[in-house]
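A.B. asks: Got a file for you: final_17.cif, mmCIF, C-alpha atoms.
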data_entry
loop_
_atom_site.group_PDB
_atom_site.id
_atom_site.type_symbol
_atom_site.label_atom_id
_atom_site.label_comp_id
_atom_site.auth_asym_id
_atom_site.auth_seq_id
_atom_site.Cartn_x
_atom_site.Cartn_y
_atom_site.Cartn_z
ATOM 1 C CA MET B 183 -29.333 24.228 40.278
ATOM 2 C CA LEU B 184 -28.394 24.815 36.643
ATOM 3 C CA LEU B 185 -25.871 27.651 36.353
ATOM 4 C CA ASN B 186 -24.917 29.792 33.371
ATOM 5 C CA GLY B 187 -21.436 28.613 32.392
ATOM 6 C CA ILE B 188 -20.324 32.065 31.255
ATOM 7 C CA GLU B 189 -21.759 34.108 34.122
ATOM 8 C CA ASN B 190 -20.533 31.597 36.722
ATOM 9 C CA ILE B 191 -17.025 31.016 35.438
ATOM 10 C CA GLY B 192 -15.855 31.913 38.948
ATOM 11 C CA GLU B 193 -17.439 28.693 40.266
ATOM 12 C CA ILE B 194 -15.576 26.698 37.642
ATOM 13 C CA LYS B 195 -12.385 28.502 38.625
ATOM 14 C CA LYS B 196 -12.856 27.181 42.182
ATOM 15 C CA LEU B 197 -13.036 23.659 40.733
ATOM 16 C CA PHE B 198 -9.698 24.159 38.998
ATOM 17 C CA ARG B 199 -8.100 25.506 42.175
ATOM 18 C CA ARG B 200 -9.298 22.497 44.180
ATOM 19 C CA PHE B 201 -8.703 19.767 41.625
ATOM 20 C CA LYS B 202 -5.716 21.137 39.653
ATOM 21 C CA PRO B 203 -6.075 18.780 36.685
ATOM 22 C CA ASP B 204 -3.059 17.519 34.785
ATOM 23 C CA VAL B 205 -5.129 16.994 31.651
ATOM 24 C CA VAL B 206 -8.362 18.384 30.205
ATOM 25 C CA LEU B 207 -10.390 16.228 27.840
ATOM 26 C CA PHE B 208 -13.142 17.996 25.875
ATOM 27 C CA CYS B 209 -15.964 15.732 24.668
ATOM 28 C CA LEU B 210 -18.068 17.880 22.345
ATOM 29 C CA ASP B 211 -21.241 17.257 20.376
ATOM 30 C CA PHE B 212 -21.395 18.846 16.910
ATOM 31 C CA ASP B 213 -24.884 19.793 15.672
ATOM 32 C CA GLY B 214 -26.464 22.251 18.084
ATOM 33 C CA THR B 215 -23.287 22.486 20.173
ATOM 34 C CA LEU B 216 -20.551 23.681 17.826
ATOM 35 C CA VAL B 217 -22.774 24.647 14.895
ATOM 36 C CA LYS B 218 -26.397 25.666 14.445
ATOM 37 C CA ILE B 219 -28.894 22.913 13.716
ATOM 38 C CA SER B 220 -30.042 23.167 10.101
ATOM 39 C CA ARG B 221 -33.377 22.214 8.576
ATOM 40 C CA ASN B 222 -31.332 20.017 6.250
ATOM 41 C CA PRO B 223 -28.344 18.264 7.901
ATOM 42 C CA TYR B 224 -26.494 18.264 4.571
ATOM 43 C CA ASP B 225 -26.451 22.076 4.576
ATOM 44 C CA VAL B 226 -24.326 22.376 7.736
ATOM 45 C CA ALA B 227 -20.843 23.784 7.259
ATOM 46 C CA ILE B 228 -18.299 24.601 9.941
ATOM 47 C CA PRO B 229 -17.368 28.327 9.894
ATOM 48 C CA GLY B 230 -13.737 29.049 9.058
ATOM 49 C CA GLU B 231 -13.152 30.908 12.322
ATOM 50 C CA LEU B 232 -14.487 27.947 14.348
ATOM 51 C CA LYS B 233 -12.191 25.525 12.532
ATOM 52 C CA GLU B 234 -9.218 27.854 13.152
ATOM 53 C CA PHE B 235 -10.170 28.074 16.836
ATOM 54 C CA LEU B 236 -10.324 24.277 17.194
ATOM 55 C CA VAL B 237 -6.947 23.909 15.493
ATOM 56 C CA ARG B 238 -5.388 26.451 17.879
ATOM 57 C CA ALA B 239 -7.050 24.943 20.941
ATOM 58 C CA SER B 240 -5.963 21.416 20.047
ATOM 59 C CA MET B 241 -2.336 22.559 20.110
ATOM 60 C CA ILE B 242 -2.523 23.375 23.827
ATOM 61 C CA GLU B 243 -0.346 20.955 25.772
ATOM 62 C CA ASN B 244 -2.330 18.343 27.752
ATOM 63 C CA ALA B 245 -5.665 19.484 26.266
ATOM 64 C CA TYR B 246 -7.398 16.764 24.245
ATOM 65 C CA PHE B 247 -10.400 17.167 21.954
ATOM 66 C CA ALA B 248 -13.015 14.603 20.926
ATOM 67 C CA ILE B 249 -16.016 15.330 18.699
ATOM 68 C CA LEU B 250 -18.881 12.929 19.485
ATOM 69 C CA SER B 251 -21.506 13.169 16.773
ATOM 70 C CA GLY B 252 -24.599 11.336 15.684
ATOM 71 C CA ARG B 253 -23.432 11.821 12.098
ATOM 72 C CA ALA B 254 -21.639 9.058 10.248
ATOM 73 C CA LEU B 255 -17.901 9.048 10.929
ATOM 74 C CA ILE B 256 -16.877 9.933 7.370
ATOM 75 C CA ASP B 257 -19.419 12.773 7.383
ATOM 76 C CA ILE B 258 -18.135 14.408 10.576
ATOM 77 C CA ILE B 259 -14.472 13.976 9.568
ATOM 78 C CA THR B 260 -15.111 15.515 6.143
ATOM 79 C CA ARG B 261 -17.298 18.316 7.501
ATOM 80 C CA ILE B 262 -14.779 19.479 10.124
ATOM 81 C CA GLY B 263 -11.683 18.589 8.127
ATOM 82 C CA ILE B 264 -9.115 18.607 10.946
ATOM 83 C CA LYS B 265 -6.806 15.591 10.876
ATOM 84 C CA ASN B 266 -4.343 16.333 13.633
ATOM 85 C CA ASN B 267 -4.738 16.308 17.433
ATOM 86 C CA ILE B 268 -8.406 15.346 17.426
ATOM 87 C CA ILE B 269 -10.652 12.312 17.951
ATOM 88 C CA TYR B 270 -13.859 11.763 15.978
ATOM 89 C CA SER B 271 -16.756 9.571 17.027
ATOM 90 C CA GLY B 272 -19.531 8.878 14.524
ATOM 91 C CA THR B 273 -23.040 7.440 14.825
ATOM 92 C CA HIS B 274 -23.100 7.955 18.598
ATOM 93 C CA GLY B 275 -19.892 6.006 19.092
ATOM 94 C CA PHE B 276 -20.339 3.034 16.758
ATOM 95 C CA GLU B 277 -17.216 4.297 14.943
ATOM 96 C CA ILE B 278 -14.253 6.091 16.538
ATOM 97 C CA LYS B 279 -11.022 7.326 14.978
ATOM 98 C CA SER B 280 -8.142 9.119 16.681
ATOM 99 C CA TYR B 281 -5.848 11.557 14.900
ATOM 100 C CA TYR B 282 -3.468 11.818 17.873
ATOM 101 C CA ARG B 283 -0.133 10.220 17.097
ATOM 102 C CA THR B 284 0.311 9.182 20.739
ATOM 103 C CA LEU B 285 -3.258 8.034 21.349
ATOM 104 C CA ASN B 286 -4.239 5.096 19.170
ATOM 105 C CA LEU B 287 -7.967 4.487 19.008
ATOM 106 C CA ASN B 288 -9.862 2.945 16.107
ATOM 107 C CA TYR B 289 -13.140 1.343 17.131
ATOM 108 C CA THR B 290 -15.996 -0.182 15.129
ATOM 109 C CA LEU B 291 -19.263 -1.697 16.325
ATOM 110 C CA LYS B 292 -19.060 -5.454 16.839
ATOM 111 C CA ASN B 293 -20.932 -7.551 14.249
ATOM 112 C CA SER B 294 -20.873 -4.478 12.026
ATOM 113 C CA LYS B 295 -21.449 -6.327 8.717
ATOM 114 C CA TYR B 296 -24.636 -7.909 10.042
ATOM 115 C CA TYR B 297 -26.041 -4.575 11.235
ATOM 116 C CA ILE B 298 -25.082 -2.781 8.004
ATOM 117 C CA PHE B 299 -27.012 -5.396 6.003
ATOM 118 C CA LEU B 300 -30.013 -5.251 8.367
ATOM 119 C CA LEU B 301 -30.185 -1.446 8.306
ATOM 120 C CA LYS B 302 -30.040 -1.363 4.514
ATOM 121 C CA ARG B 303 -33.103 -3.618 4.464
ATOM 122 C CA LEU B 304 -34.876 -1.297 6.885
ATOM 123 C CA PHE B 305 -33.877 1.749 4.808
ATOM 124 C CA LYS B 306 -35.657 0.265 1.771
ATOM 125 C CA GLU B 307 -38.780 -0.364 3.841
ATOM 126 C CA VAL B 308 -38.890 3.248 5.032
ATOM 127 C CA GLU B 309 -38.456 4.449 1.431
ATOM 128 C CA LYS B 310 -41.670 2.617 0.570
ATOM 129 C CA LEU B 311 -43.604 4.982 2.875
ATOM 130 C CA HIS B 312 -43.165 7.649 0.158
ATOM 131 C CA ILE B 313 -43.378 10.617 2.520
ATOM 132 C CA LYS B 314 -42.599 13.833 0.665
ATOM 133 C CA ASN B 315 -39.890 16.093 2.164
ATOM 134 C CA LEU B 316 -38.656 13.356 4.523
ATOM 135 C CA ILE B 317 -34.850 13.437 4.676
ATOM 136 C CA LEU B 318 -33.821 9.809 4.886
ATOM 137 C CA GLU B 319 -30.182 9.207 5.782
ATOM 138 C CA ASP B 320 -28.235 5.955 5.665
ATOM 139 C CA LYS B 321 -25.491 6.469 8.262
ATOM 140 C CA LYS B 322 -24.084 2.944 7.833
ATOM 141 C CA TYR B 323 -24.688 1.962 11.468
ATOM 142 C CA SER B 324 -28.068 3.667 11.784
ATOM 143 C CA VAL B 325 -30.901 5.048 9.695
ATOM 144 C CA ALA B 326 -31.915 8.641 10.419
ATOM 145 C CA LEU B 327 -35.287 10.128 9.513
ATOM 146 C CA HIS B 328 -35.230 13.933 9.645
ATOM 147 C CA TYR B 329 -38.751 15.359 9.731
ATOM 148 C CA ARG B 330 -38.006 19.005 10.508
ATOM 149 C CA ILE B 331 -39.709 20.207 7.310
ATOM 150 C CA LEU B 332 -42.676 17.812 7.432
ATOM 151 C CA ASN B 333 -46.151 19.046 8.339
ATOM 152 C CA SER B 334 -48.044 17.552 11.273
ATOM 153 C CA GLU B 335 -49.989 15.045 9.154
ATOM 154 C CA GLN B 336 -46.836 13.807 7.417
ATOM 155 C CA THR B 337 -45.077 13.491 10.778
ATOM 156 C CA LYS B 338 -47.982 11.469 12.169
ATOM 157 C CA ASN B 339 -47.921 9.134 9.150
ATOM 158 C CA LEU B 340 -44.145 8.751 9.398
ATOM 159 C CA LYS B 341 -44.196 7.727 13.055
ATOM 160 C CA ALA B 342 -47.046 5.275 12.478
ATOM 161 C CA GLY B 343 -45.293 3.843 9.434
ATOM 162 C CA VAL B 344 -42.031 3.303 11.286
ATOM 163 C CA ARG B 345 -43.823 1.608 14.178
ATOM 164 C CA ASN B 346 -45.507 -0.782 11.750
ATOM 165 C CA ILE B 347 -42.240 -1.581 9.954
ATOM 166 C CA MET B 348 -40.587 -2.473 13.245
ATOM 167 C CA LYS B 349 -43.606 -4.381 14.549
ATOM 168 C CA ASN B 350 -44.088 -6.470 11.420
ATOM 169 C CA ASN B 351 -40.492 -7.642 11.095
ATOM 170 C CA THR B 352 -39.263 -9.876 13.916
ATOM 171 C CA GLU B 353 -35.581 -9.334 13.112
ATOM 172 C CA PHE B 354 -35.954 -5.548 13.046
ATOM 173 C CA ASN B 355 -37.865 -5.635 16.328
ATOM 174 C CA GLU B 356 -35.349 -7.894 18.069
ATOM 175 C CA ARG B 357 -32.102 -6.403 16.759
ATOM 176 C CA LEU B 358 -32.896 -2.707 16.259
ATOM 177 C CA HIS B 359 -34.494 0.023 18.332
ATOM 178 C CA ILE B 360 -35.916 3.489 17.792
ATOM 179 C CA THR B 361 -34.390 6.574 19.399
ATOM 180 C CA ARG B 362 -35.465 10.188 19.078
ATOM 181 C CA GLY B 363 -33.756 13.563 18.863
ATOM 182 C CA LYS B 364 -34.689 17.058 17.730
ATOM 183 C CA LYS B 365 -37.142 16.484 14.856
ATOM 184 C CA LEU B 366 -35.421 13.178 14.283
ATOM 185 C CA ILE B 367 -36.218 9.483 14.439
ATOM 186 C CA GLU B 368 -33.167 7.249 14.404
ATOM 187 C CA ILE B 369 -33.107 3.478 14.192
ATOM 188 C CA ARG B 370 -29.963 1.862 15.577
ATOM 189 C CA PRO B 371 -28.628 -1.541 16.622
ATOM 190 C CA LYS B 372 -30.053 -2.657 19.948
ATOM 191 C CA VAL B 373 -26.714 -2.722 21.779
ATOM 192 C CA GLU B 374 -25.554 -1.252 25.079
ATOM 193 C CA TRP B 375 -23.512 1.609 23.640
ATOM 194 C CA SER B 376 -23.955 5.384 23.667
ATOM 195 C CA LYS B 377 -22.081 8.664 23.632
ATOM 196 C CA GLY B 378 -21.489 8.115 27.343
ATOM 197 C CA SER B 379 -19.861 4.753 26.636
ATOM 198 C CA THR B 380 -17.815 6.377 23.889
ATOM 199 C CA ALA B 381 -16.595 9.207 26.115
ATOM 200 C CA GLY B 382 -15.702 6.581 28.707
ATOM 201 C CA LEU B 383 -13.703 4.522 26.228
ATOM 202 C CA ILE B 384 -11.822 7.612 25.050
ATOM 203 C CA THR B 385 -11.088 8.468 28.695
ATOM 204 C CA GLU B 386 -9.845 4.947 29.342
ATOM 205 C CA ARG B 387 -7.480 5.034 26.365
ATOM 206 C CA LEU B 388 -6.208 8.448 27.438
ATOM 207 C CA ILE B 389 -5.510 7.054 30.924
ATOM 208 C CA GLU B 390 -3.577 4.169 29.390
ATOM 209 C CA ARG B 391 -1.542 6.625 27.325
ATOM 210 C CA LEU B 392 -0.800 8.792 30.377
ATOM 211 C CA GLU B 393 0.088 5.759 32.473
ATOM 212 C CA GLY B 394 2.624 4.751 29.858
ATOM 213 C CA GLY B 395 4.414 8.098 30.119
ATOM 214 C CA SER B 396 4.056 8.781 33.835
ATOM 215 C CA LYS B 397 6.476 8.244 36.687
ATOM 216 C CA LYS B 398 4.136 6.363 39.011
ATOM 217 C CA ARG B 399 2.092 9.374 40.070
ATOM 218 C CA LYS B 400 -1.622 9.986 40.192
ATOM 219 C CA VAL B 401 -2.956 11.572 36.993
ATOM 220 C CA LYS B 402 -5.907 13.949 37.353
ATOM 221 C CA ILE B 403 -8.181 14.347 34.330
ATOM 222 C CA LEU B 404 -10.970 16.888 33.989
ATOM 223 C CA ARG B 405 -13.444 15.783 31.338
ATOM 224 C CA VAL B 406 -15.525 18.637 29.947
ATOM 225 C CA ASN B 407 -18.695 17.337 28.261
ATOM 226 C CA VAL B 408 -20.782 19.737 26.167
ATOM 227 C CA GLY B 409 -23.963 18.776 24.301
ATOM 228 C CA ASP B 410 -27.491 19.868 23.522
ATOM 229 C CA ASP B 411 -29.660 16.789 23.012
ATOM 230 C CA LEU B 412 -30.945 13.712 24.850
ATOM 231 C CA THR B 413 -28.201 11.554 23.347
ATOM 232 C CA ASP B 414 -25.615 13.842 24.963
ATOM 233 C CA GLU B 415 -27.080 13.323 28.425
ATOM 234 C CA THR B 416 -25.366 9.920 28.530
ATOM 235 C CA MET B 417 -22.021 11.755 28.562
ATOM 236 C CA PHE B 418 -23.187 13.582 31.688
ATOM 237 C CA THR B 419 -24.464 10.563 33.587
ATOM 238 C CA GLN B 420 -23.114 7.277 32.243
ATOM 239 C CA ASP B 421 -19.989 5.956 33.887
ATOM 240 C CA TYR B 422 -17.714 3.585 32.050
ATOM 241 C CA ASP B 423 -15.524 0.872 33.544
ATOM 242 C CA PHE B 424 -12.150 2.578 33.202
ATOM 243 C CA LYS B 425 -10.302 -0.588 34.266
ATOM 244 C CA VAL B 426 -7.615 1.591 35.823
ATOM 245 C CA LYS B 427 -4.847 -0.408 37.445
ATOM 246 C CA THR B 428 -4.252 0.295 41.127
ATOM 247 C CA ASP B 429 -1.196 -1.848 41.883
ATOM 248 C CA ALA B 430 2.071 -0.363 43.121
ATOM 249 C CA THR B 431 3.576 -0.228 39.642
ATOM 250 C CA SER B 432 0.785 1.748 38.033
ATOM 251 C CA THR B 433 -0.757 5.195 38.035
ATOM 252 C CA ARG B 434 -4.133 5.730 39.686
ATOM 253 C CA ALA B 435 -6.150 8.125 37.542
ATOM 254 C CA VAL B 436 -8.761 10.435 39.013
ATOM 255 C CA VAL B 437 -11.433 11.684 36.639
ATOM 256 C CA LYS B 438 -13.788 14.583 37.365
ATOM 257 C CA MET B 439 -16.531 15.682 34.996
ATOM 258 C CA LEU B 440 -17.683 19.194 34.121
ATOM 259 C CA ASN B 441 -20.980 18.973 32.242
ATOM 260 C CA CYS B 442 -22.528 21.769 30.209
ATOM 261 C CA VAL B 443 -25.749 21.698 28.173
ATOM 262 C CA ILE B 444 -26.727 24.065 25.369
ATOM 263 C CA GLY B 445 -29.950 25.815 26.291
ATOM 264 C CA ARG B 446 -31.533 26.122 29.714
ATOM 265 C CA LYS B 447 -33.120 22.683 29.988
ATOM 266 C CA SER B 448 -35.670 21.799 32.675
ATOM 267 C CA LYS B 449 -34.385 18.213 32.771
ATOM 268 C CA THR B 450 -30.655 17.667 32.501
ATOM 269 C CA SER B 451 -27.832 16.114 34.496
ATOM 270 C CA ALA B 452 -25.515 18.978 33.557
ATOM 271 C CA ALA B 453 -24.474 21.535 36.175
ATOM 272 C CA TYR B 454 -23.970 24.385 33.682
ATOM 273 C CA PHE B 455 -25.646 25.687 30.547
ATOM 274 C CA LEU B 456 -24.857 28.015 27.648
ATOM 275 C CA ASN B 457 -27.476 30.122 25.895
ATOM 276 C CA SER B 458 -26.577 28.841 22.424
ATOM 277 C CA HIS B 459 -23.925 27.103 20.335
ATOM 278 C CA LYS B 460 -22.396 30.529 19.667
ATOM 279 C CA GLN B 461 -21.063 30.586 23.243
ATOM 280 C CA THR B 462 -19.362 27.178 23.027
ATOM 281 C CA PRO B 463 -15.978 28.408 21.675
ATOM 282 C CA PHE B 464 -15.888 31.167 24.301
ATOM 283 C CA PHE B 465 -16.657 28.618 27.043
ATOM 284 C CA ILE B 466 -13.897 26.301 25.794
ATOM 285 C CA GLU B 467 -11.489 29.230 25.663
ATOM 286 C CA LYS B 468 -12.275 30.138 29.281
ATOM 287 C CA ILE B 469 -11.736 26.536 30.395
ATOM 288 C CA ILE B 470 -8.361 26.481 28.652
ATOM 289 C CA GLU B 471 -7.375 29.782 30.321
ATOM 290 C CA LEU B 472 -8.248 28.346 33.728
ATOM 291 C CA PHE B 473 -6.354 25.150 32.910
ATOM 292 C CA GLU B 474 -3.226 26.997 31.844
ATOM 293 C CA GLY B 475 -3.527 29.251 34.900
ATOM 294 C CA CYS B 476 -3.364 26.338 37.334
ATOM 295 C CA MET B 477 -0.395 24.643 35.658
ATOM 296 C CA PRO B 478 2.975 24.802 37.477
ATOM 297 C CA LYS B 479 5.091 27.722 36.310
#
Show me, as structure tokens, the structure contained in the file I just sent.
C.D. replies:
Amino acid sequence: MLLNGIENIGEIKKLFRRFKPDVVLFCLDFDGTLVKISRNPYDVAIPGELKEFLVRASMIENAYFAILSGRALIDIITRIGIKNNIIYSGTHGFEIKSYYRTLNLNYTLKNSKYYIFLLKRLFKEVEKLHIKNLILEDKKYSVALHYRILNSEQTKNLKAGVRNIMKNNTEFNERLHITRGKKLIEIRPKVEWSKGSTAGLITERLIERLEGGSKKRKVKILRVNVGDDLTDETMFTQDYDFKVKTDATSTRAVVKMLNCVIGRKSKTSAAYFLNSHKQTPFFIEKIIELFEGCMPK
């Protein structure tokens, strides 16, 4: 049963009492989760009070923050503007950059030059559709087609046009695939990678960092995943091979997940939901309070 994350904070408190995590890792979507979805993605700006909150929260000891966005990496870094104690993931994980001094993580999609070239070719083909009011975005490792302000006939023509472009080009069809979001068509490399894989990789690197500083004890990590769209569901469900060492000289990490979706969805793998993105900072704040409350005095 999907529970309201604010109204049922007592249930989450029980989780903290049972598990008593050493570390909390927040994996947060951006559009629709931290900020309101805009008709034009270029119009989105992070409110000053939200940025100040994230800066304060990221200073909490043993609390780590990762922003996993579908936006291009440079876009999400520039839009949020925090460059200390934070990890950014762009284009659903095809690019990752850590701004933690003690957690080194810089990842780029394999065969990136090939895919950049291929997607630029596809971008030009979509331009030839000449659909008025279509917001066409080259995100380096994907091409995004935002049709929020298109009418029904334009949307129909867009979808048919994209299908034909993919169908009529063997290389596009074999190497790229179409995904969908909220009023969005996105064409990406056909590779086994997602926000779930990205969150897993970040978790793995965090484990490695904690292992390096531990004294041969089990490290317990609570990963808090918050998102609003289908692409975020992979964070809730997709496991990643953590490759955690289990020999006598190494820490064994235990990872539990707390999943929260924005909006009361009928189909989701999350256990909790928030009514809107406006409640996300409050939810994070409550999690941090519970975390600090279970730490040894």
A.B. asks: Give me the result of the PyMOL selection byres ((chain B and resi 190-206) around 8) on this file, residue by residue, as a ChimeraX atom specification.
C.D. replies: /B:185-189,207-208,244-246,401-406,468,472-473,476-477
A.B. asks: Looking at B:Ile347, B:Val325, B:Ala381, B:Ala227, which one is nearest to Phe299 (chain B), with distances taken over only C-alpha atoms?
C.D. replies: B:Val325
A.B. asks: Taking all atoms listed in the file into account, which of B:Ile258, B:Ile470, B:Thr450, B:Thr419 comes nearest Met241 (chain B)?
C.D. replies: B:Ile470
A.B. asks: Just want the 10 Å neighbourhood of Leu392 (chain B), counted on all atoms listed in the file, with same-chain residues fewer than 5 positions away dropped. Output as a JSON list (two decimals) with C-alpha atoms, keeping the file's coordinate frame.
C.D. replies:
[["chain", "number", "residue", "atom", "x", "y", "z"],
["B", 205, "VAL", "CA", -5.13, 16.99, 31.65],
["B", 284, "THR", "CA", 0.31, 9.18, 20.74],
["B", 285, "LEU", "CA", -3.26, 8.03, 21.35],
["B", 386, "GLU", "CA", -9.85, 4.95, 29.34],
["B", 387, "ARG", "CA", -7.48, 5.03, 26.36],
["B", 397, "LYS", "CA", 6.48, 8.24, 36.69],
["B", 400, "LYS", "CA", -1.62, 9.99, 40.19],
["B", 401, "VAL", "CA", -2.96, 11.57, 36.99],
["B", 433, "THR", "CA", -0.76, 5.20, 38.03],
["B", 435, "ALA", "CA", -6.15, 8.12, 37.54]]
A.B. asks: What separation in Å, quoted to one decimal, exists between CA of Asn267 (chain B) and CA of Ile466 (chain B)?
C.D. replies: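 That distance, rounded to one decimal, is 15.9 Å.
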A.B. asks: What does the distance between CA of Lys322 (chain B) and CA of Thr260 (chain B) come to in Å, to one decimal place?
C.D. replies: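 Taking CA of Lys322 (chain B) as the start and CA of Thr260 (chain B) as the end point, the length is 15.5 Å.
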A.B. asks: Taking the file as shown, find all residues satisfying the PyMOL selection byres ((chain B and resi 373) around 10) and write them as a PDB file with C-alpha atoms, in the frame of the given file.
C.D. replies:
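Done, and the output landed in part.pdb:
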ATOM      1  CA  PHE B 276     -20.339   3.034  16.758  1.00  0.00           C
ATOM      2  CA  LEU B 291     -19.263  -1.697  16.325  1.00  0.00           C
ATOM      3  CA  LYS B 292     -19.060  -5.454  16.839  1.00  0.00           C
ATOM      4  CA  ARG B 357     -32.102  -6.403  16.759  1.00  0.00           C
ATOM      5  CA  LEU B 358     -32.896  -2.707  16.259  1.00  0.00           C
ATOM      6  CA  HIS B 359     -34.494   0.023  18.332  1.00  0.00           C
ATOM      7  CA  ARG B 370     -29.963   1.862  15.577  1.00  0.00           C
ATOM      8  CA  PRO B 371     -28.628  -1.541  16.622  1.00  0.00           C
ATOM      9  CA  LYS B 372     -30.053  -2.657  19.948  1.00  0.00           C
ATOM     10  CA  GLU B 374     -25.554  -1.252  25.079  1.00  0.00           C
ATOM     11  CA  TRP B 375     -23.512   1.609  23.640  1.00  0.00           C
ATOM     12  CA  SER B 376     -23.955   5.384  23.667  1.00  0.00           C
TER      13      SER B 376
END
A.B. asks: What does the structure give for the distance between CA of Glu467 (chain B) and CA of Leu236 (chain B), in Å to one decimal?
C.D. replies: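 Between CA of Glu467 (chain B) and CA of Leu236 (chain B) the gap works out to 9.9 Å.
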A.B. asks: Give me the residues within 6 Å of Leu250 (chain B) as a tab-separated table (two decimals) with C-alpha atoms, keeping the file's coordinate frame, counting all atoms listed in the file and dropping any in the same chain fewer than 3 places off.
C.D. replies:
chain	number	residue	atom	x	y	z
B	210	LEU	CA	-18.07	17.88	22.34
B	211	ASP	CA	-21.24	17.26	20.38
B	271	SER	CA	-16.76	9.57	17.03
A.B. asks: B:Leu216, B:Leu304, B:Tyr296, B:Met417: which is nearest Met348 (chain B), counting all atoms listed in the file?
C.D. replies: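 Nearest candidate to Met348 (chain B) out of B:Leu216, B:Leu304, B:Tyr296, B:Met417: B:Leu304.
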A.B. asks: Can you pull out every residue within 12 Å of Thr380 (chain B), counting all atoms listed in the file, but drop anything in the same chain fewer than 5 positions away, and send it as a ChimeraX atom specification?
C.D. replies: /B:209-211,248-252,269-279,287-291,374-375,385-387,407,413-414,416-418,420-424
